[in-house]
$ cat upload-v2.csv   # CSV, N, CA and C atoms
chain,number,residue,atom,x,y,z
A,1,MET,N,0.8,-1.2,0.0
A,1,MET,CA,0.0,0.0,0.0
A,1,MET,C,0.9,1.3,0.0
A,2,LYS,N,0.6,2.2,-0.9
A,2,LYS,CA,1.3,3.4,-1.0
A,2,LYS,C,1.0,4.4,0.2
A,3,GLU,N,2.0,5.2,0.5
A,3,GLU,CA,1.8,6.3,1.5
A,3,GLU,C,0.8,7.3,0.8
A,4,LYS,N,0.1,8.0,1.6
A,4,LYS,CA,-0.9,9.0,1.1
A,4,LYS,C,-0.2,10.0,0.3
A,5,PHE,N,0.9,10.6,0.8
A,5,PHE,CA,1.6,11.7,0.1
A,5,PHE,C,2.7,11.1,-0.8
A,6,LEU,N,2.5,11.2,-2.1
A,6,LEU,CA,3.5,10.7,-3.0
A,6,LEU,C,4.6,11.7,-3.1
A,7,PRO,N,5.8,11.3,-3.5
A,7,PRO,CA,7.0,12.1,-3.5
A,7,PRO,C,6.9,13.3,-4.5
A,8,ILE,N,7.5,14.4,-4.2
A,8,ILE,CA,7.6,15.5,-5.1
A,8,ILE,C,8.3,14.9,-6.4
A,9,GLY,N,7.8,15.4,-7.5
A,9,GLY,CA,8.4,14.9,-8.8
A,9,GLY,C,7.6,13.8,-9.4
A,10,THR,N,6.6,13.2,-8.6
A,10,THR,CA,5.8,12.2,-9.1
A,10,THR,C,4.9,12.7,-10.3
A,11,VAL,N,4.8,12.0,-11.3
A,11,VAL,CA,4.0,12.4,-12.5
A,11,VAL,C,2.7,11.5,-12.5
A,12,VAL,N,1.6,12.2,-12.6
A,12,VAL,CA,0.3,11.4,-12.5
A,12,VAL,C,-0.6,11.9,-13.6
A,13,LEU,N,-1.6,11.0,-13.9
A,13,LEU,CA,-2.7,11.4,-14.8
A,13,LEU,C,-3.9,11.5,-13.9
A,14,LEU,N,-4.6,12.6,-13.9
A,14,LEU,CA,-5.8,12.7,-13.1
A,14,LEU,C,-7.0,12.1,-13.8
A,15,LYS,N,-8.0,11.8,-13.0
A,15,LYS,CA,-9.2,11.2,-13.6
A,15,LYS,C,-9.8,12.2,-14.6
A,16,ASN,N,-10.2,11.8,-15.7
A,16,ASN,CA,-10.7,12.6,-16.8
A,16,ASN,C,-9.7,13.6,-17.4
A,17,GLY,N,-8.4,13.4,-17.0
A,17,GLY,CA,-7.4,14.3,-17.5
A,17,GLY,C,-6.8,13.9,-18.8
A,18,LYS,N,-6.3,14.9,-19.5
A,18,LYS,CA,-5.7,14.7,-20.8
A,18,LYS,C,-4.2,14.9,-20.8
A,19,LYS,N,-3.7,15.7,-19.8
A,19,LYS,CA,-2.3,16.1,-19.7
A,19,LYS,C,-1.8,15.5,-18.4
A,20,LYS,N,-0.5,15.1,-18.4
A,20,LYS,CA,0.1,14.7,-17.1
A,20,LYS,C,0.4,15.8,-16.2
A,21,VAL,N,0.4,15.6,-14.9
A,21,VAL,CA,0.6,16.6,-13.9
A,21,VAL,C,1.8,16.1,-13.0
A,22,MET,N,2.7,17.0,-12.7
A,22,MET,CA,3.8,16.6,-11.8
A,22,MET,C,3.6,17.3,-10.4
A,23,ILE,N,3.7,16.5,-9.4
A,23,ILE,CA,3.5,17.0,-8.0
A,23,ILE,C,4.7,17.9,-7.7
A,24,ASN,N,4.4,19.1,-7.2
A,24,ASN,CA,5.5,20.0,-6.8
A,24,ASN,C,5.3,20.6,-5.4
A,25,SER,N,4.2,20.2,-4.8
A,25,SER,CA,4.0,20.8,-3.4
A,25,SER,C,2.9,20.0,-2.7
A,26,TYR,N,2.8,20.2,-1.4
A,26,TYR,CA,1.8,19.5,-0.6
A,26,TYR,C,0.9,20.5,0.1
A,27,LEU,N,-0.3,20.1,0.4
A,27,LEU,CA,-1.3,20.9,1.2
A,27,LEU,C,-1.3,22.4,0.8
A,28,ILE,N,-1.8,22.6,-0.4
A,28,ILE,CA,-2.0,24.0,-0.9
A,28,ILE,C,-3.4,24.5,-0.7
A,29,ILE,N,-3.5,25.8,-0.4
A,29,ILE,CA,-4.8,26.4,-0.1
A,29,ILE,C,-5.2,27.3,-1.3
A,30,THR,N,-6.5,27.3,-1.7
A,30,THR,CA,-6.9,28.1,-2.7
A,30,THR,C,-7.1,29.6,-2.3
A,31,ASN,N,-7.1,30.5,-3.2
A,31,ASN,CA,-7.3,31.9,-2.9
A,31,ASN,C,-8.7,32.3,-3.0
A,32,SER,N,-9.6,31.4,-3.2
A,32,SER,CA,-11.0,31.7,-3.3
A,32,SER,C,-11.6,31.8,-1.9
A,33,ASN,N,-12.9,32.3,-1.9
A,33,ASN,CA,-13.5,32.6,-0.6
A,33,ASN,C,-13.8,31.3,0.2
A,34,ASP,N,-13.9,30.1,-0.4
A,34,ASP,CA,-14.1,28.9,0.3
A,34,ASP,C,-12.9,28.3,0.9
A,35,SER,N,-11.7,28.8,0.6
A,35,SER,CA,-10.4,28.4,1.2
A,35,SER,C,-10.3,26.8,1.2
A,36,LYS,N,-10.4,26.2,0.1
A,36,LYS,CA,-10.2,24.8,0.0
A,36,LYS,C,-8.8,24.4,0.0
A,37,ILE,N,-8.4,23.3,0.8
A,37,ILE,CA,-7.1,22.8,0.8
A,37,ILE,C,-7.0,21.5,0.1
A,38,PHE,N,-6.0,21.5,-0.8
A,38,PHE,CA,-5.8,20.2,-1.6
A,38,PHE,C,-4.5,19.5,-1.0
A,39,GLU,N,-4.5,18.2,-1.1
A,39,GLU,CA,-3.4,17.4,-0.7
A,39,GLU,C,-2.1,17.7,-1.5
A,40,TYR,N,-2.3,18.0,-2.8
A,40,TYR,CA,-1.2,18.2,-3.7
A,40,TYR,C,-1.3,19.5,-4.5
A,41,GLY,N,-0.2,20.0,-4.8
A,41,GLY,CA,-0.1,21.1,-5.8
A,41,GLY,C,0.7,20.5,-7.0
A,42,GLY,N,0.4,20.9,-8.2
A,42,GLY,CA,1.1,20.4,-9.3
A,42,GLY,C,1.2,21.3,-10.5
A,43,CYS,N,2.0,21.0,-11.5
A,43,CYS,CA,2.1,21.7,-12.7
A,43,CYS,C,2.0,20.8,-13.9
A,44,LEU,N,1.7,21.3,-15.0
A,44,LEU,CA,1.6,20.4,-16.2
A,44,LEU,C,3.0,19.8,-16.5
A,45,TYR,N,3.0,18.6,-16.9
A,45,TYR,CA,4.2,17.9,-17.3
A,45,TYR,C,4.1,17.7,-18.8
A,46,PRO,N,5.2,18.0,-19.6
A,46,PRO,CA,6.5,18.4,-19.2
A,46,PRO,C,6.8,19.9,-19.1
A,47,GLU,N,5.7,20.7,-19.3
A,47,GLU,CA,5.9,22.2,-19.3
A,47,GLU,C,6.5,22.8,-18.1
A,48,GLY,N,6.1,22.3,-16.9
A,48,GLY,CA,6.5,22.9,-15.7
A,48,GLY,C,5.7,24.1,-15.3
A,49,VAL,N,6.3,24.9,-14.4
A,49,VAL,CA,5.6,26.1,-13.9
A,49,VAL,C,5.8,27.2,-14.8
A,50,LEU,N,4.9,27.5,-15.7
A,50,LEU,CA,5.0,28.6,-16.6
A,50,LEU,C,4.4,29.9,-16.0
A,51,ASP,N,3.5,29.8,-15.1
A,51,ASP,CA,2.9,30.9,-14.4
A,51,ASP,C,2.4,30.4,-13.0
A,52,SER,N,2.9,30.9,-11.9
A,52,SER,CA,2.5,30.4,-10.6
A,52,SER,C,1.0,30.5,-10.3
A,53,LYS,N,0.3,31.3,-11.1
A,53,LYS,CA,-1.2,31.3,-10.9
A,53,LYS,C,-1.9,30.1,-11.5
A,54,LEU,N,-1.2,29.3,-12.2
A,54,LEU,CA,-1.7,28.2,-12.9
A,54,LEU,C,-1.5,26.9,-12.2
A,55,SER,N,-1.2,26.9,-10.9
A,55,SER,CA,-0.9,25.7,-10.1
A,55,SER,C,-2.2,24.9,-10.1
A,56,ILE,N,-2.0,23.6,-10.1
A,56,ILE,CA,-3.2,22.7,-10.1
A,56,ILE,C,-3.3,22.0,-8.7
A,57,GLY,N,-4.4,22.2,-8.1
A,57,GLY,CA,-4.7,21.6,-6.8
A,57,GLY,C,-5.5,20.3,-7.0
A,58,PHE,N,-5.1,19.3,-6.3
A,58,PHE,CA,-5.8,18.0,-6.4
A,58,PHE,C,-5.6,17.1,-5.2
A,59,ASN,N,-6.4,16.2,-5.0
A,59,ASN,CA,-6.3,15.2,-3.9
A,59,ASN,C,-5.9,13.8,-4.4
A,60,HIS,N,-5.5,13.0,-3.5
A,60,HIS,CA,-5.0,11.7,-3.8
A,60,HIS,C,-6.1,10.9,-4.6
A,61,SER,N,-7.4,11.1,-4.2
A,61,SER,CA,-8.5,10.4,-4.8
A,61,SER,C,-8.8,10.9,-6.2
A,62,ASP,N,-8.2,12.0,-6.6
A,62,ASP,CA,-8.3,12.5,-8.0
A,62,ASP,C,-7.4,11.8,-9.0
A,63,ILE,N,-6.4,11.0,-8.5
A,63,ILE,CA,-5.4,10.4,-9.3
A,63,ILE,C,-5.9,9.1,-9.9
A,64,GLU,N,-5.8,9.1,-11.3
A,64,GLU,CA,-6.2,7.8,-11.9
A,64,GLU,C,-5.0,6.9,-12.1
A,65,THR,N,-3.9,7.5,-12.5
A,65,THR,CA,-2.7,6.6,-12.8
A,65,THR,C,-1.4,7.3,-12.3
A,66,ILE,N,-0.6,6.6,-11.7
A,66,ILE,CA,0.8,7.1,-11.3
A,66,ILE,C,1.7,6.7,-12.5
A,67,VAL,N,2.1,7.7,-13.3
A,67,VAL,CA,2.9,7.5,-14.5
A,67,VAL,C,4.4,7.3,-14.1
A,68,PHE,N,4.9,8.1,-13.1
A,68,PHE,CA,6.3,8.0,-12.7
A,68,PHE,C,6.3,8.4,-11.2
A,69,ASN,N,7.0,7.6,-10.4
A,69,ASN,CA,7.1,7.8,-9.0
A,69,ASN,C,8.3,8.7,-8.7
A,70,GLY,N,8.2,9.8,-8.0
A,70,GLY,CA,9.3,10.7,-7.7
A,70,GLY,C,10.4,10.0,-6.8
A,71,PHE,N,11.5,10.8,-6.6
A,71,PHE,CA,12.6,10.3,-5.8
A,71,PHE,C,12.2,10.1,-4.3
A,72,GLU,N,12.6,9.0,-3.8
A,72,GLU,CA,12.4,8.7,-2.4
A,72,GLU,C,13.7,8.5,-1.7
A,73,ASN,N,13.9,9.1,-0.5
A,73,ASN,CA,15.0,8.9,0.3
A,73,ASN,C,14.6,9.1,1.8
A,74,GLU,N,15.5,9.2,2.7
A,74,GLU,CA,15.2,9.4,4.1
A,74,GLU,C,14.5,10.7,4.3
A,75,GLU,N,14.9,11.7,3.6
A,75,GLU,CA,14.3,13.1,3.8
A,75,GLU,C,12.8,13.0,3.4
A,76,TYR,N,12.5,12.4,2.3
A,76,TYR,CA,11.1,12.2,1.9
A,76,TYR,C,10.4,11.4,2.9
A,77,LYS,N,10.9,10.3,3.4
A,77,LYS,CA,10.2,9.5,4.4
A,77,LYS,C,9.9,10.3,5.7
A,78,GLN,N,10.8,11.2,6.1
A,78,GLN,CA,10.6,12.1,7.3
A,78,GLN,C,9.5,13.1,7.0
A,79,VAL,N,9.5,13.7,5.8
A,79,VAL,CA,8.4,14.7,5.5
A,79,VAL,C,7.1,14.0,5.4
A,80,ASN,N,7.1,12.8,4.7
A,80,ASN,CA,5.8,12.1,4.6
A,80,ASN,C,5.3,11.7,5.9
A,81,GLU,N,6.1,11.2,6.8
A,81,GLU,CA,5.6,10.8,8.2
A,81,GLU,C,5.1,12.1,8.9
A,82,LEU,N,5.8,13.2,8.8
A,82,LEU,CA,5.3,14.4,9.4
A,82,LEU,C,4.0,14.9,8.9
A,83,LEU,N,3.8,14.8,7.5
A,83,LEU,CA,2.5,15.2,6.9
A,83,LEU,C,1.4,14.2,7.4
A,84,LEU,N,1.7,13.0,7.4
A,84,LEU,CA,0.6,12.0,7.8
A,84,LEU,C,0.2,12.2,9.2
A,85,LYS,N,1.2,12.4,10.1
A,85,LYS,CA,0.9,12.6,11.5
A,85,LYS,C,0.2,13.9,11.8
A,86,ASN,N,0.5,15.0,11.1
A,86,ASN,CA,0.1,16.3,11.4
A,86,ASN,C,-0.8,17.0,10.4
A,87,GLU,N,-1.4,16.2,9.5
A,87,GLU,CA,-2.1,16.8,8.4
A,87,GLU,C,-3.2,17.7,8.9
A,88,ASN,N,-4.0,17.3,9.9
A,88,ASN,CA,-5.1,18.1,10.4
A,88,ASN,C,-4.6,19.4,11.0
A,89,ASP,N,-3.5,19.3,11.8
A,89,ASP,CA,-3.0,20.5,12.4
A,89,ASP,C,-2.4,21.5,11.3
A,90,ILE,N,-1.8,21.0,10.3
A,90,ILE,CA,-1.3,21.8,9.2
A,90,ILE,C,-2.4,22.5,8.5
A,91,ARG,N,-3.5,21.7,8.2
A,91,ARG,CA,-4.7,22.3,7.5
A,91,ARG,C,-5.2,23.4,8.3
A,92,ASN,N,-5.4,23.2,9.6
A,92,ASN,CA,-6.0,24.3,10.5
A,92,ASN,C,-5.1,25.5,10.5
A,93,LYS,N,-3.8,25.3,10.6
A,93,LYS,CA,-2.8,26.4,10.6
A,93,LYS,C,-2.9,27.2,9.3
A,94,LEU,N,-3.0,26.5,8.1
A,94,LEU,CA,-3.1,27.2,6.9
A,94,LEU,C,-4.4,28.0,6.8
A,95,LEU,N,-5.5,27.5,7.2
A,95,LEU,CA,-6.8,28.2,7.2
A,95,LEU,C,-6.7,29.4,8.1
A,96,GLN,N,-6.1,29.3,9.3
A,96,GLN,CA,-6.0,30.4,10.2
A,96,GLN,C,-5.1,31.5,9.7
A,97,GLU,N,-4.0,31.1,9.0
A,97,GLU,CA,-3.1,32.1,8.4
A,97,GLU,C,-3.8,32.9,7.3
A,98,LYS,N,-4.6,32.1,6.5
A,98,LYS,CA,-5.4,32.8,5.4
A,98,LYS,C,-6.4,33.8,6.0
A,99,LYS,N,-7.1,33.4,7.0
A,99,LYS,CA,-8.1,34.3,7.6
A,99,LYS,C,-7.4,35.6,8.2
A,100,THR,N,-6.2,35.4,8.8
A,100,THR,CA,-5.5,36.5,9.3
A,100,THR,C,-5.0,37.5,8.3
A,101,ASN,N,-4.6,36.9,7.1
A,101,ASN,CA,-4.1,37.7,6.0
A,101,ASN,C,-5.2,38.4,5.2
A,102,GLU,N,-6.5,38.1,5.4
A,102,GLU,CA,-7.6,38.6,4.6
A,102,GLU,C,-8.0,40.0,5.1
$ encode --input "upload-v2.csv" --output "structure tokens"
Amino acid sequence: MKEKFLPIGTVVLLKNGKKKVMINSYLIITNSNDSKIFEYGGCLYPEGVLDSKLSIGFNHSDIETIVFNGFENEEYKQVNELLLKNENDIRNKLLQEKKTNE
């Protein structure tokens, strides 16, 4: 069974997607009024980040296929463990910071 948070650099195809997406961040928050938090942030592959406003937010459940698994080492394992243990706290902190900045 895979860990919930795939490594940075992992390339996926989302359900109903036509282009591949590369994971480049974790737990991103939208700038919209509803302040939705996604498990992953990504960019189109192979284009990369052409404009930071075009980041793609998605959740693990949105992934149809893992095309390429990103690099895994001890640092990744530590970050993954931290994210899994503290996901709810991190989400609450992000939402609180967003409310403070509004």
$ atom_distance --input "upload-v2.csv" --atom1 "atom CA of A:Glu74" --atom2 "atom CA of A:Lys4"
16.4 Å
$ residues_around --input "upload-v2.csv" --residues "A:Val21" --least-positions-apart "2" --cutoff "7 Å" --atoms "only N, CA and C atoms" --output "ChimeraX atom specification"
/A:10-14,19,23,42-45
$ select_by_dssp --input "upload-v2.csv" --residues "chain A" --states "strand (DSSP E or B)" --output "ChimeraX atom specification"
/A:11-14,20-29,37-45,56-58,63-68
$ closest_residue --input "upload-v2.csv" --among "A:Asn92, A:Thr30, A:Asn73, A:Asn80" --to "A:Gly57" --atoms "all atoms listed in the file"
A:Thr30
$ atom_distance --input "upload-v2.csv" --atom1 "atom C of A:Ile8" --atom2 "atom CA of A:Gly70"
4.5 Å
$ select_by_dssp --input "upload-v2.csv" --residues "stretch 14-62 of chain A" --states "helix (DSSP H, G or I)" --output "list in words"
Ser52, Lys53, Leu54, His60, Ser61 and Asp62 of chain A
$ atom_distance --input "upload-v2.csv" --atom1 "atom CA of A:Asn24" --atom2 "atom C of A:Pro7"
7.2 Å
$ closest_residue --input "upload-v2.csv" --among "A:Lys77, A:Glu102, A:Phe68, A:Leu27" --to "A:Ile90" --atoms "all atoms listed in the file"
A:Leu27
$ closest_residue --input "upload-v2.csv" --among "A:Lys98, A:Lys20, A:Arg91, A:His60" --to "A:Pro46" --atoms "all atoms listed in the file"
A:Lys20
$ closest_residue --input "upload-v2.csv" --among "A:Ile56, A:Glu47, A:Tyr40, A:Glu64" --to "A:Tyr26" --atoms "only N, CA and C atoms"
A:Tyr40
$ closest_residue --input "upload-v2.csv" --among "A:Ser52, A:Asn31, A:Gln78, A:Asn69" --to "A:Leu6" --atoms "only N, CA and C atoms"
A:Asn69
